[in-house]
There are 2 protein chains.
Amino acid sequence: MRPKEHTHKYFLTAGECNAQRQMPITLIAQRVIEIATEHANILGVGYSDMIKFNSGWVLSRMSIEMTRYPGVNEEYSLTTWIEGFNRLYSERNMEIQDGNGETIGYARTIWVAIDMDTRRPSDLTGISWLAETINDRPCPIAKQSRLMPVKEDEATLSAQHRFKVSDIDFNRHVNSVRYMDAFLDQWDIEFFDNNDISRFEIQYIHETHFGDKAHIRTKYNENIAETEILVNETANCRAKIAFKSKN
Amino acid sequence: MRPKEHTHKYFLTAGECNAQRQMPITLIAQRVIEIATEHANILGVGYSDMIKFNSGWVLSRMSIEMTRYPGVNEEYSLTTWIEGFNRLYSERNMEIQDGNGETIGYARTIWVAIDMDTRRPSDLTGISWLAETINDRPCPIAKQSRLMPVKEDEATLSAQHRFKVSDIDFNRHVNSVRYMDAFLDQWDIEFFDNNDISRFEIQYIHETHFGDKAHIRTKYNENIAETEILVNETANCRAKIAFKSKN
């Protein structure tokens with residue numbers, strides 16, 4: 001009745017690939033959010049269930065680690081399960097497999113429920129039965145680390161970005177995936193020809209809105225980028241990205 | 001063996017909706033491209049078949065007309081078929097239905113095959129048997145019109161745009177859908193709160209590449225926008241967008 005795991009199989013089309021003819025990490029993030037939504041719907045804690053309490057899930061943190069990215073015309077699947085649940089948040093993990101059933105990556109996510117009017121966290125005690133669906137399937141990637149501010153004098157990259165209509169989602173704030181685009185767009189196409197993303201860790205701190213002028217500040221050193229999006233000098237979103245050379 | 005129609009059912013998640021809590025027309029365009037790809041694969045003229053001849057399909061024109069957009073948690077489906085085929089291009093249509101089987105929109109697309117090295121059109125005579133799969137299912141929306149240049153002194157809107165890594169696709173040019181974003185990002189969020197897109201017509205003329213600085217020039221008058229993306233004063237892409245008031 002309440003399956004502890006949920007799997008969705010996909011097929012990667014040419015139109016979905018990036019310039020390196022691989023699955024973009026932003027599409028993996030979309031699939032992560034999609035499969036979390038599907039499993040929540042199946043478990044009875046989806047959008048239509050939560051809105052009865054004027055509440056809705058918001059993604060607070062996400063970490064994705066990939067050892068290999070699917071290529072064009074490849075099948076792949078995501079499997080999701082709940083690792084932890086308390087009255088403040090839900091921890092949900094994903095395993096990504098290729099068409100042969102080989103594991104090629106994992107994701108960890110943390111979801112908070114917020115009140116739709118106050119935009120403040122809701123108490124999850126009312127759905128405490130969800131803890132019964134906790135699954136001990138292993139997720140052998142590191143938990144989210146504490147993402148630190150990037151000091152202005154440490155920044156090695158800097159960019160300005162204005163969020164537009166196409167960046168805005170259902171909750172009238174910037175789409176979770178468009179923050180990732182804004183971070184990754186600091187590098188050029190040749191950089192991604194030579195480097196893969198081995199880990200992408202992101203923390204959503206404050207909502208960003210249509211028309212907000214953001215400052216992106218990055219400290220990049222030895223294949224690790226620590227980066228943040230600031231609006232009016234407040235960090236709305238932080239990320240830590242680990243790259244590895246393709247050769 | 002070679003089905004004349006192909007249908008794919010989908011479910012619209014909250015994470016996929018725009019600020020108006022509807023399916024974005026850019027996601028409809030993604031689904032249009034996806035279902036065309038799937039049907040081509042089934043018919044034996046997909047990426048892996050065409051690449052044997054060093055050839056690949058490129059979207060040349062697309063028109064989408066919607067009477068209603070799916071909302072959150074709604075099911076919808078696309079059905080595609082080939083309306084016409086000759087040695088230069090293939091005409092492929094789509095019907096979009098809601099979860100109750102009501103038709104809510106149609107799309108028309110024109111696909112050209114190009115040589116992967118020269119980037120010039122390939123002759124499709126080698127797959128002329130594809131004409132046997134032509135289907136006379138009706139598509140009651142207007143065919144693509146001739147999209148005209150926007151003269152500088154007629155422009156009522158104007159914007160600059162630099163294409164970044166996240167805009168670039170498999171063929172190392174700007175993703176078909178990101179041109180649509182660039183066009184639509186000329187308006188603000190309140191405009192889309194008050195207006196729906198009733199028809200979106202786009203013509204891809206020349207490839208745009210990473211780092212290209214584009215000038216977007218628009219003539220907007222009585223709910224019709226004629227708009228183009230110019231790089232070095234050459235129109236790489238044109239669109240005509242018809243809006244209708246939500247009230």
# chains A, B, ... in the order shown; residues from 1 in each chain; ligands from 1
call {"tool": "interface_residues", "arguments": {"of": "chain A", "to": "chain B", "cutoff": "8 Å", "atoms": "only C-alpha atoms", "output": "ChimeraX atom specification"}}
result
/A:13-21,33-34,37,47,164-166,168-173,175,181,184-185,187-189,210
call {"tool": "calpha_fit_and_write", "arguments": {"fixed": "chain A", "moving": "chain B", "output": "PDB file with C-alpha atoms, in the first residue's frame"}}
result
ATOM      1  CA  MET B   1      -0.003   0.017  -0.005  1.00  0.00           C
ATOM      2  CA  ARG B   2       2.791   2.406   0.901  1.00  0.00           C
ATOM      3  CA  PRO B   3       5.803   1.233  -1.088  1.00  0.00           C
ATOM      4  CA  LYS B   4       9.105   2.126   0.585  1.00  0.00           C
ATOM      5  CA  GLU B   5      10.776   2.570  -2.804  1.00  0.00           C
ATOM      6  CA  HIS B   6       9.711   4.012  -6.112  1.00  0.00           C
ATOM      7  CA  THR B   7      11.503   3.574  -9.442  1.00  0.00           C
ATOM      8  CA  HIS B   8      11.027   5.433 -12.726  1.00  0.00           C
ATOM      9  CA  LYS B   9      12.746   4.425 -15.968  1.00  0.00           C
ATOM     10  CA  TYR B  10      13.726   7.041 -18.526  1.00  0.00           C
ATOM     11  CA  PHE B  11      15.318   7.307 -21.938  1.00  0.00           C
ATOM     12  CA  LEU B  12      17.774  10.104 -22.798  1.00  0.00           C
ATOM     13  CA  THR B  13      16.971  11.807 -26.115  1.00  0.00           C
ATOM     14  CA  ALA B  14      19.453  13.829 -28.186  1.00  0.00           C
ATOM     15  CA  GLY B  15      17.360  16.934 -27.519  1.00  0.00           C
ATOM     16  CA  GLU B  16      18.009  16.543 -23.779  1.00  0.00           C
ATOM     17  CA  CYS B  17      21.805  16.239 -23.994  1.00  0.00           C
ATOM     18  CA  ASN B  18      24.297  18.996 -23.303  1.00  0.00           C
ATOM     19  CA  ALA B  19      27.117  20.066 -25.643  1.00  0.00           C
ATOM     20  CA  GLN B  20      29.224  17.154 -24.346  1.00  0.00           C
ATOM     21  CA  ARG B  21      26.457  14.755 -25.505  1.00  0.00           C
ATOM     22  CA  GLN B  22      25.791  13.671 -21.940  1.00  0.00           C
ATOM     23  CA  MET B  23      22.846  14.023 -19.598  1.00  0.00           C
ATOM     24  CA  PRO B  24      23.141  17.491 -18.013  1.00  0.00           C
ATOM     25  CA  ILE B  25      23.332  17.475 -14.219  1.00  0.00           C
ATOM     26  CA  THR B  26      20.410  19.933 -14.267  1.00  0.00           C
ATOM     27  CA  LEU B  27      18.256  17.256 -15.932  1.00  0.00           C
ATOM     28  CA  ILE B  28      19.348  14.793 -13.239  1.00  0.00           C
ATOM     29  CA  ALA B  29      18.189  17.358 -10.675  1.00  0.00           C
ATOM     30  CA  GLN B  30      14.838  17.673 -12.501  1.00  0.00           C
ATOM     31  CA  ARG B  31      14.435  13.891 -12.408  1.00  0.00           C
ATOM     32  CA  VAL B  32      15.379  13.854  -8.705  1.00  0.00           C
ATOM     33  CA  ILE B  33      12.618  16.391  -7.986  1.00  0.00           C
ATOM     34  CA  GLU B  34      10.160  14.573 -10.254  1.00  0.00           C
ATOM     35  CA  ILE B  35      10.641  11.145  -8.680  1.00  0.00           C
ATOM     36  CA  ALA B  36      10.416  12.639  -5.174  1.00  0.00           C
ATOM     37  CA  THR B  37       7.098  14.209  -6.221  1.00  0.00           C
ATOM     38  CA  GLU B  38       5.829  10.917  -7.648  1.00  0.00           C
ATOM     39  CA  HIS B  39       6.725   8.930  -4.518  1.00  0.00           C
ATOM     40  CA  ALA B  40       5.152  11.588  -2.275  1.00  0.00           C
ATOM     41  CA  ASN B  41       1.953  11.356  -4.354  1.00  0.00           C
ATOM     42  CA  ILE B  42       1.938   7.555  -4.020  1.00  0.00           C
ATOM     43  CA  LEU B  43       2.498   7.780  -0.258  1.00  0.00           C
ATOM     44  CA  GLY B  44      -0.354  10.296   0.169  1.00  0.00           C
ATOM     45  CA  VAL B  45       1.834  13.286   1.040  1.00  0.00           C
ATOM     46  CA  GLY B  46       1.856  14.945  -2.379  1.00  0.00           C
ATOM     47  CA  TYR B  47       0.845  18.441  -3.371  1.00  0.00           C
ATOM     48  CA  SER B  48      -2.915  17.718  -3.285  1.00  0.00           C
ATOM     49  CA  ASP B  49      -2.615  16.114   0.186  1.00  0.00           C
ATOM     50  CA  MET B  50      -0.416  18.815   1.731  1.00  0.00           C
ATOM     51  CA  ILE B  51      -2.416  21.745   0.351  1.00  0.00           C
ATOM     52  CA  LYS B  52      -5.349  20.656   2.564  1.00  0.00           C
ATOM     53  CA  PHE B  53      -3.159  21.831   5.453  1.00  0.00           C
ATOM     54  CA  ASN B  54      -2.102  24.920   3.435  1.00  0.00           C
ATOM     55  CA  SER B  55       1.342  23.348   3.295  1.00  0.00           C
ATOM     56  CA  GLY B  56       3.724  22.294   0.547  1.00  0.00           C
ATOM     57  CA  TRP B  57       7.144  20.658   0.202  1.00  0.00           C
ATOM     58  CA  VAL B  58      10.119  22.860  -0.605  1.00  0.00           C
ATOM     59  CA  LEU B  59      13.552  21.529  -1.528  1.00  0.00           C
ATOM     60  CA  SER B  60      16.086  22.747   1.010  1.00  0.00           C
ATOM     61  CA  ARG B  61      19.250  20.866   0.078  1.00  0.00           C
ATOM     62  CA  MET B  62      20.351  18.560  -2.703  1.00  0.00           C
ATOM     63  CA  SER B  63      23.609  16.690  -3.340  1.00  0.00           C
ATOM     64  CA  ILE B  64      24.229  14.702  -6.499  1.00  0.00           C
ATOM     65  CA  GLU B  65      27.270  12.502  -7.090  1.00  0.00           C
ATOM     66  CA  MET B  66      27.812  10.855 -10.470  1.00  0.00           C
ATOM     67  CA  THR B  67      30.522   8.413 -11.540  1.00  0.00           C
ATOM     68  CA  ARG B  68      29.224   8.414 -15.125  1.00  0.00           C
ATOM     69  CA  TYR B  69      26.575  10.364 -17.048  1.00  0.00           C
ATOM     70  CA  PRO B  70      24.088   8.683 -19.402  1.00  0.00           C
ATOM     71  CA  GLY B  71      24.668   9.394 -23.105  1.00  0.00           C
ATOM     72  CA  VAL B  72      22.283   9.804 -26.024  1.00  0.00           C
ATOM     73  CA  ASN B  73      19.693   7.029 -26.513  1.00  0.00           C
ATOM     74  CA  GLU B  74      20.656   5.434 -23.188  1.00  0.00           C
ATOM     75  CA  GLU B  75      18.094   4.149 -20.742  1.00  0.00           C
ATOM     76  CA  TYR B  76      18.491   5.059 -17.086  1.00  0.00           C
ATOM     77  CA  SER B  77      16.412   4.873 -13.954  1.00  0.00           C
ATOM     78  CA  LEU B  78      16.034   6.588 -10.616  1.00  0.00           C
ATOM     79  CA  THR B  79      14.941   4.838  -7.429  1.00  0.00           C
ATOM     80  CA  THR B  80      13.949   6.893  -4.406  1.00  0.00           C
ATOM     81  CA  TRP B  81      13.317   6.162  -0.717  1.00  0.00           C
ATOM     82  CA  ILE B  82      13.025   8.021   2.584  1.00  0.00           C
ATOM     83  CA  GLU B  83      16.102   7.795   4.785  1.00  0.00           C
ATOM     84  CA  GLY B  84      14.911   9.970   7.641  1.00  0.00           C
ATOM     85  CA  PHE B  85      11.866  11.874   8.812  1.00  0.00           C
ATOM     86  CA  ASN B  86      11.172  14.161  11.747  1.00  0.00           C
ATOM     87  CA  ARG B  87       8.814  17.025  12.507  1.00  0.00           C
ATOM     88  CA  LEU B  88      11.034  19.526  10.685  1.00  0.00           C
ATOM     89  CA  TYR B  89      12.161  17.810   7.512  1.00  0.00           C
ATOM     90  CA  SER B  90      12.307  14.678   5.388  1.00  0.00           C
ATOM     91  CA  GLU B  91      15.530  13.148   4.033  1.00  0.00           C
ATOM     92  CA  ARG B  92      15.013  11.419   0.727  1.00  0.00           C
ATOM     93  CA  ASN B  93      17.703   9.655  -1.308  1.00  0.00           C
ATOM     94  CA  MET B  94      17.955   8.507  -4.918  1.00  0.00           C
ATOM     95  CA  GLU B  95      20.046   5.908  -6.719  1.00  0.00           C
ATOM     96  CA  ILE B  96      20.660   6.412 -10.439  1.00  0.00           C
ATOM     97  CA  GLN B  97      21.285   3.320 -12.565  1.00  0.00           C
ATOM     98  CA  ASP B  98      22.064   2.879 -16.230  1.00  0.00           C
ATOM     99  CA  GLY B  99      20.103   0.607 -18.568  1.00  0.00           C
ATOM    100  CA  ASN B 100      22.199  -2.417 -17.484  1.00  0.00           C
ATOM    101  CA  GLY B 101      21.349  -1.892 -13.823  1.00  0.00           C
ATOM    102  CA  GLU B 102      24.816  -0.538 -13.009  1.00  0.00           C
ATOM    103  CA  THR B 103      24.793   2.206 -10.384  1.00  0.00           C
ATOM    104  CA  ILE B 104      26.135   5.447 -11.874  1.00  0.00           C
ATOM    105  CA  GLY B 105      25.205   7.926  -9.157  1.00  0.00           C
ATOM    106  CA  TYR B 106      23.351   8.851  -6.005  1.00  0.00           C
ATOM    107  CA  ALA B 107      21.493  11.872  -4.710  1.00  0.00           C
ATOM    108  CA  ARG B 108      20.557  13.116  -1.251  1.00  0.00           C
ATOM    109  CA  THR B 109      17.759  15.635  -0.724  1.00  0.00           C
ATOM    110  CA  ILE B 110      16.264  17.404   2.271  1.00  0.00           C
ATOM    111  CA  TRP B 111      12.674  18.637   2.041  1.00  0.00           C
ATOM    112  CA  VAL B 112      10.974  21.093   4.379  1.00  0.00           C
ATOM    113  CA  ALA B 113       7.227  21.741   4.359  1.00  0.00           C
ATOM    114  CA  ILE B 114       6.259  25.407   4.412  1.00  0.00           C
ATOM    115  CA  ASP B 115       3.006  27.201   5.122  1.00  0.00           C
ATOM    116  CA  MET B 116       1.765  28.590   1.816  1.00  0.00           C
ATOM    117  CA  ASP B 117       0.873  31.987   3.305  1.00  0.00           C
ATOM    118  CA  THR B 118       3.562  32.704   5.884  1.00  0.00           C
ATOM    119  CA  ARG B 119       6.306  30.859   3.868  1.00  0.00           C
ATOM    120  CA  ARG B 120       7.555  29.613   7.272  1.00  0.00           C
ATOM    121  CA  PRO B 121       8.254  25.917   8.023  1.00  0.00           C
ATOM    122  CA  SER B 122       5.214  23.805   8.920  1.00  0.00           C
ATOM    123  CA  ASP B 123       5.264  21.234  11.717  1.00  0.00           C
ATOM    124  CA  LEU B 124       5.218  17.728  10.213  1.00  0.00           C
ATOM    125  CA  THR B 125       3.842  16.020  13.336  1.00  0.00           C
ATOM    126  CA  GLY B 126       0.485  15.573  11.550  1.00  0.00           C
ATOM    127  CA  ILE B 127       2.072  13.129   9.086  1.00  0.00           C
ATOM    128  CA  SER B 128       4.408  11.420  11.560  1.00  0.00           C
ATOM    129  CA  TRP B 129       3.144   8.041  10.226  1.00  0.00           C
ATOM    130  CA  LEU B 130       5.432   8.788   7.236  1.00  0.00           C
ATOM    131  CA  ALA B 131       8.334   7.611   9.447  1.00  0.00           C
ATOM    132  CA  GLU B 132       7.000   4.049   8.953  1.00  0.00           C
ATOM    133  CA  THR B 133       8.117   4.224   5.325  1.00  0.00           C
ATOM    134  CA  ILE B 134      11.769   4.873   6.266  1.00  0.00           C
ATOM    135  CA  ASN B 135      14.008   2.500   4.338  1.00  0.00           C
ATOM    136  CA  ASP B 136      17.544   1.448   5.286  1.00  0.00           C
ATOM    137  CA  ARG B 137      18.749   1.054   1.680  1.00  0.00           C
ATOM    138  CA  PRO B 138      22.337   2.350   1.637  1.00  0.00           C
ATOM    139  CA  CYS B 139      23.300   5.689   0.068  1.00  0.00           C
ATOM    140  CA  PRO B 140      27.119   5.649   0.068  1.00  0.00           C
ATOM    141  CA  ILE B 141      27.737   9.345  -0.657  1.00  0.00           C
ATOM    142  CA  ALA B 142      28.607  11.959   1.927  1.00  0.00           C
ATOM    143  CA  LYS B 143      25.829  13.842   3.666  1.00  0.00           C
ATOM    144  CA  GLN B 144      25.473  17.541   2.929  1.00  0.00           C
ATOM    145  CA  SER B 145      28.315  19.598   4.308  1.00  0.00           C
ATOM    146  CA  ARG B 146      28.024  23.076   5.758  1.00  0.00           C
ATOM    147  CA  LEU B 147      28.358  25.491   2.839  1.00  0.00           C
ATOM    148  CA  MET B 148      30.372  28.534   3.828  1.00  0.00           C
ATOM    149  CA  PRO B 149      30.154  32.155   2.637  1.00  0.00           C
ATOM    150  CA  VAL B 150      32.539  33.222  -0.103  1.00  0.00           C
ATOM    151  CA  LYS B 151      34.453  36.288   1.028  1.00  0.00           C
ATOM    152  CA  GLU B 152      34.688  39.027  -1.569  1.00  0.00           C
ATOM    153  CA  ASP B 153      38.492  39.081  -1.520  1.00  0.00           C
ATOM    154  CA  GLU B 154      38.647  35.295  -2.028  1.00  0.00           C
ATOM    155  CA  ALA B 155      36.405  35.293  -5.103  1.00  0.00           C
ATOM    156  CA  THR B 156      38.149  34.165  -8.288  1.00  0.00           C
ATOM    157  CA  LEU B 157      35.013  34.422 -10.454  1.00  0.00           C
ATOM    158  CA  SER B 158      32.229  36.946 -10.329  1.00  0.00           C
ATOM    159  CA  ALA B 159      29.098  37.525 -12.428  1.00  0.00           C
ATOM    160  CA  GLN B 160      25.865  39.505 -12.446  1.00  0.00           C
ATOM    161  CA  HIS B 161      22.561  37.823 -13.221  1.00  0.00           C
ATOM    162  CA  ARG B 162      18.990  39.117 -13.479  1.00  0.00           C
ATOM    163  CA  PHE B 163      16.274  36.485 -13.015  1.00  0.00           C
ATOM    164  CA  LYS B 164      13.618  36.504 -15.729  1.00  0.00           C
ATOM    165  CA  VAL B 165      10.154  35.017 -16.358  1.00  0.00           C
ATOM    166  CA  SER B 166      11.548  31.685 -17.585  1.00  0.00           C
ATOM    167  CA  ASP B 167      13.422  31.261 -14.264  1.00  0.00           C
ATOM    168  CA  ILE B 168      10.291  31.491 -12.091  1.00  0.00           C
ATOM    169  CA  ASP B 169       8.309  28.474 -10.906  1.00  0.00           C
ATOM    170  CA  PHE B 170       4.987  27.444  -9.341  1.00  0.00           C
ATOM    171  CA  ASN B 171       5.817  29.122  -6.013  1.00  0.00           C
ATOM    172  CA  ARG B 172       6.711  32.381  -7.795  1.00  0.00           C
ATOM    173  CA  HIS B 173      10.352  32.096  -6.851  1.00  0.00           C
ATOM    174  CA  VAL B 174      13.386  31.023  -8.864  1.00  0.00           C
ATOM    175  CA  ASN B 175      13.216  27.393  -9.990  1.00  0.00           C
ATOM    176  CA  SER B 176      15.625  25.101  -8.109  1.00  0.00           C
ATOM    177  CA  VAL B 177      17.279  24.045 -11.348  1.00  0.00           C
ATOM    178  CA  ARG B 178      17.789  27.583 -12.683  1.00  0.00           C
ATOM    179  CA  TYR B 179      20.037  28.397  -9.714  1.00  0.00           C
ATOM    180  CA  MET B 180      22.214  25.479 -10.856  1.00  0.00           C
ATOM    181  CA  ASP B 181      22.289  26.897 -14.394  1.00  0.00           C
ATOM    182  CA  ALA B 182      23.306  30.296 -13.007  1.00  0.00           C
ATOM    183  CA  PHE B 183      26.176  28.700 -11.083  1.00  0.00           C
ATOM    184  CA  LEU B 184      27.382  26.540 -13.979  1.00  0.00           C
ATOM    185  CA  ASP B 185      27.119  29.348 -16.549  1.00  0.00           C
ATOM    186  CA  GLN B 186      30.177  30.939 -14.929  1.00  0.00           C
ATOM    187  CA  TRP B 187      32.381  28.575 -16.976  1.00  0.00           C
ATOM    188  CA  ASP B 188      32.717  28.268 -20.736  1.00  0.00           C
ATOM    189  CA  ILE B 189      31.965  25.361 -23.028  1.00  0.00           C
ATOM    190  CA  GLU B 190      35.619  24.235 -23.289  1.00  0.00           C
ATOM    191  CA  PHE B 191      35.789  23.872 -19.512  1.00  0.00           C
ATOM    192  CA  PHE B 192      32.975  21.295 -19.638  1.00  0.00           C
ATOM    193  CA  ASP B 193      34.590  19.590 -22.636  1.00  0.00           C
ATOM    194  CA  ASN B 194      37.524  18.875 -20.319  1.00  0.00           C
ATOM    195  CA  ASN B 195      35.840  18.432 -16.943  1.00  0.00           C
ATOM    196  CA  ASP B 196      32.930  16.435 -15.543  1.00  0.00           C
ATOM    197  CA  ILE B 197      31.004  17.349 -12.415  1.00  0.00           C
ATOM    198  CA  SER B 198      31.657  14.642  -9.850  1.00  0.00           C
ATOM    199  CA  ARG B 199      29.584  16.182  -7.031  1.00  0.00           C
ATOM    200  CA  PHE B 200      27.090  19.055  -6.966  1.00  0.00           C
ATOM    201  CA  GLU B 201      25.855  20.194  -3.593  1.00  0.00           C
ATOM    202  CA  ILE B 202      23.320  23.014  -3.253  1.00  0.00           C
ATOM    203  CA  GLN B 203      21.572  24.747  -0.394  1.00  0.00           C
ATOM    204  CA  TYR B 204      18.483  26.914  -0.920  1.00  0.00           C
ATOM    205  CA  ILE B 205      18.495  29.564   1.830  1.00  0.00           C
ATOM    206  CA  HIS B 206      16.149  32.391   0.824  1.00  0.00           C
ATOM    207  CA  GLU B 207      13.680  32.683  -2.025  1.00  0.00           C
ATOM    208  CA  THR B 208      14.733  34.724  -5.051  1.00  0.00           C
ATOM    209  CA  HIS B 209      12.062  36.470  -7.114  1.00  0.00           C
ATOM    210  CA  PHE B 210      11.342  37.767 -10.603  1.00  0.00           C
ATOM    211  CA  GLY B 211      13.538  40.720 -11.509  1.00  0.00           C
ATOM    212  CA  ASP B 212      15.993  40.205  -8.652  1.00  0.00           C
ATOM    213  CA  LYS B 213      19.483  41.317  -9.581  1.00  0.00           C
ATOM    214  CA  ALA B 214      21.891  38.745  -8.280  1.00  0.00           C
ATOM    215  CA  HIS B 215      25.609  38.757  -7.757  1.00  0.00           C
ATOM    216  CA  ILE B 216      27.310  35.392  -8.173  1.00  0.00           C
ATOM    217  CA  ARG B 217      30.576  35.057  -6.281  1.00  0.00           C
ATOM    218  CA  THR B 218      32.860  32.054  -6.615  1.00  0.00           C
ATOM    219  CA  LYS B 219      36.034  30.722  -5.080  1.00  0.00           C
ATOM    220  CA  TYR B 220      37.486  28.132  -7.438  1.00  0.00           C
ATOM    221  CA  ASN B 221      40.544  26.195  -6.425  1.00  0.00           C
ATOM    222  CA  GLU B 222      41.894  22.739  -7.288  1.00  0.00           C
ATOM    223  CA  ASN B 223      38.712  21.452  -8.952  1.00  0.00           C
ATOM    224  CA  ILE B 224      36.434  22.647  -6.157  1.00  0.00           C
ATOM    225  CA  ALA B 225      34.123  25.636  -6.598  1.00  0.00           C
ATOM    226  CA  GLU B 226      32.428  27.244  -3.634  1.00  0.00           C
ATOM    227  CA  THR B 227      29.861  29.659  -4.974  1.00  0.00           C
ATOM    228  CA  GLU B 228      26.920  31.740  -3.839  1.00  0.00           C
ATOM    229  CA  ILE B 229      24.121  33.866  -5.264  1.00  0.00           C
ATOM    230  CA  LEU B 230      23.639  37.094  -3.383  1.00  0.00           C
ATOM    231  CA  VAL B 231      20.703  39.483  -3.663  1.00  0.00           C
ATOM    232  CA  ASN B 232      21.212  42.760  -1.802  1.00  0.00           C
ATOM    233  CA  GLU B 233      24.318  41.260  -0.156  1.00  0.00           C
ATOM    234  CA  THR B 234      22.316  38.334   1.305  1.00  0.00           C
ATOM    235  CA  ALA B 235      23.262  34.797   0.221  1.00  0.00           C
ATOM    236  CA  ASN B 236      20.041  33.288  -1.165  1.00  0.00           C
ATOM    237  CA  CYS B 237      21.678  30.109  -2.414  1.00  0.00           C
ATOM    238  CA  ARG B 238      25.043  28.394  -1.999  1.00  0.00           C
ATOM    239  CA  ALA B 239      26.679  25.554  -3.877  1.00  0.00           C
ATOM    240  CA  LYS B 240      29.827  23.476  -3.791  1.00  0.00           C
ATOM    241  CA  ILE B 241      30.819  21.817  -7.029  1.00  0.00           C
ATOM    242  CA  ALA B 242      33.588  19.233  -7.439  1.00  0.00           C
ATOM    243  CA  PHE B 243      34.970  18.729 -10.940  1.00  0.00           C
ATOM    244  CA  LYS B 244      37.185  15.994 -12.298  1.00  0.00           C
ATOM    245  CA  SER B 245      39.235  16.034 -15.460  1.00  0.00           C
ATOM    246  CA  LYS B 246      37.777  13.857 -18.242  1.00  0.00           C
ATOM    247  CA  ASN B 247      41.241  12.470 -18.932  1.00  0.00           C
TER     248      ASN B 247
END
call {"tool": "select_by_dssp", "arguments": {"residues": "range 6-128 of chain A", "states": "helix (DSSP H, G or I)", "output": "PyMOL selection string"}}
result
chain A and resi 14-16+25-43+47-53+125-128
call {"tool": "select_by_dssp", "arguments": {"residues": "range 8-244 of chain B", "states": "strand (DSSP E or B)", "output": "PyMOL selection string"}}
result
chain B and resi 8-11+22+55-66+71+75-85+90-98+103-115+121+134+157-162+168+174+195-204+213-221+224-231+234-244
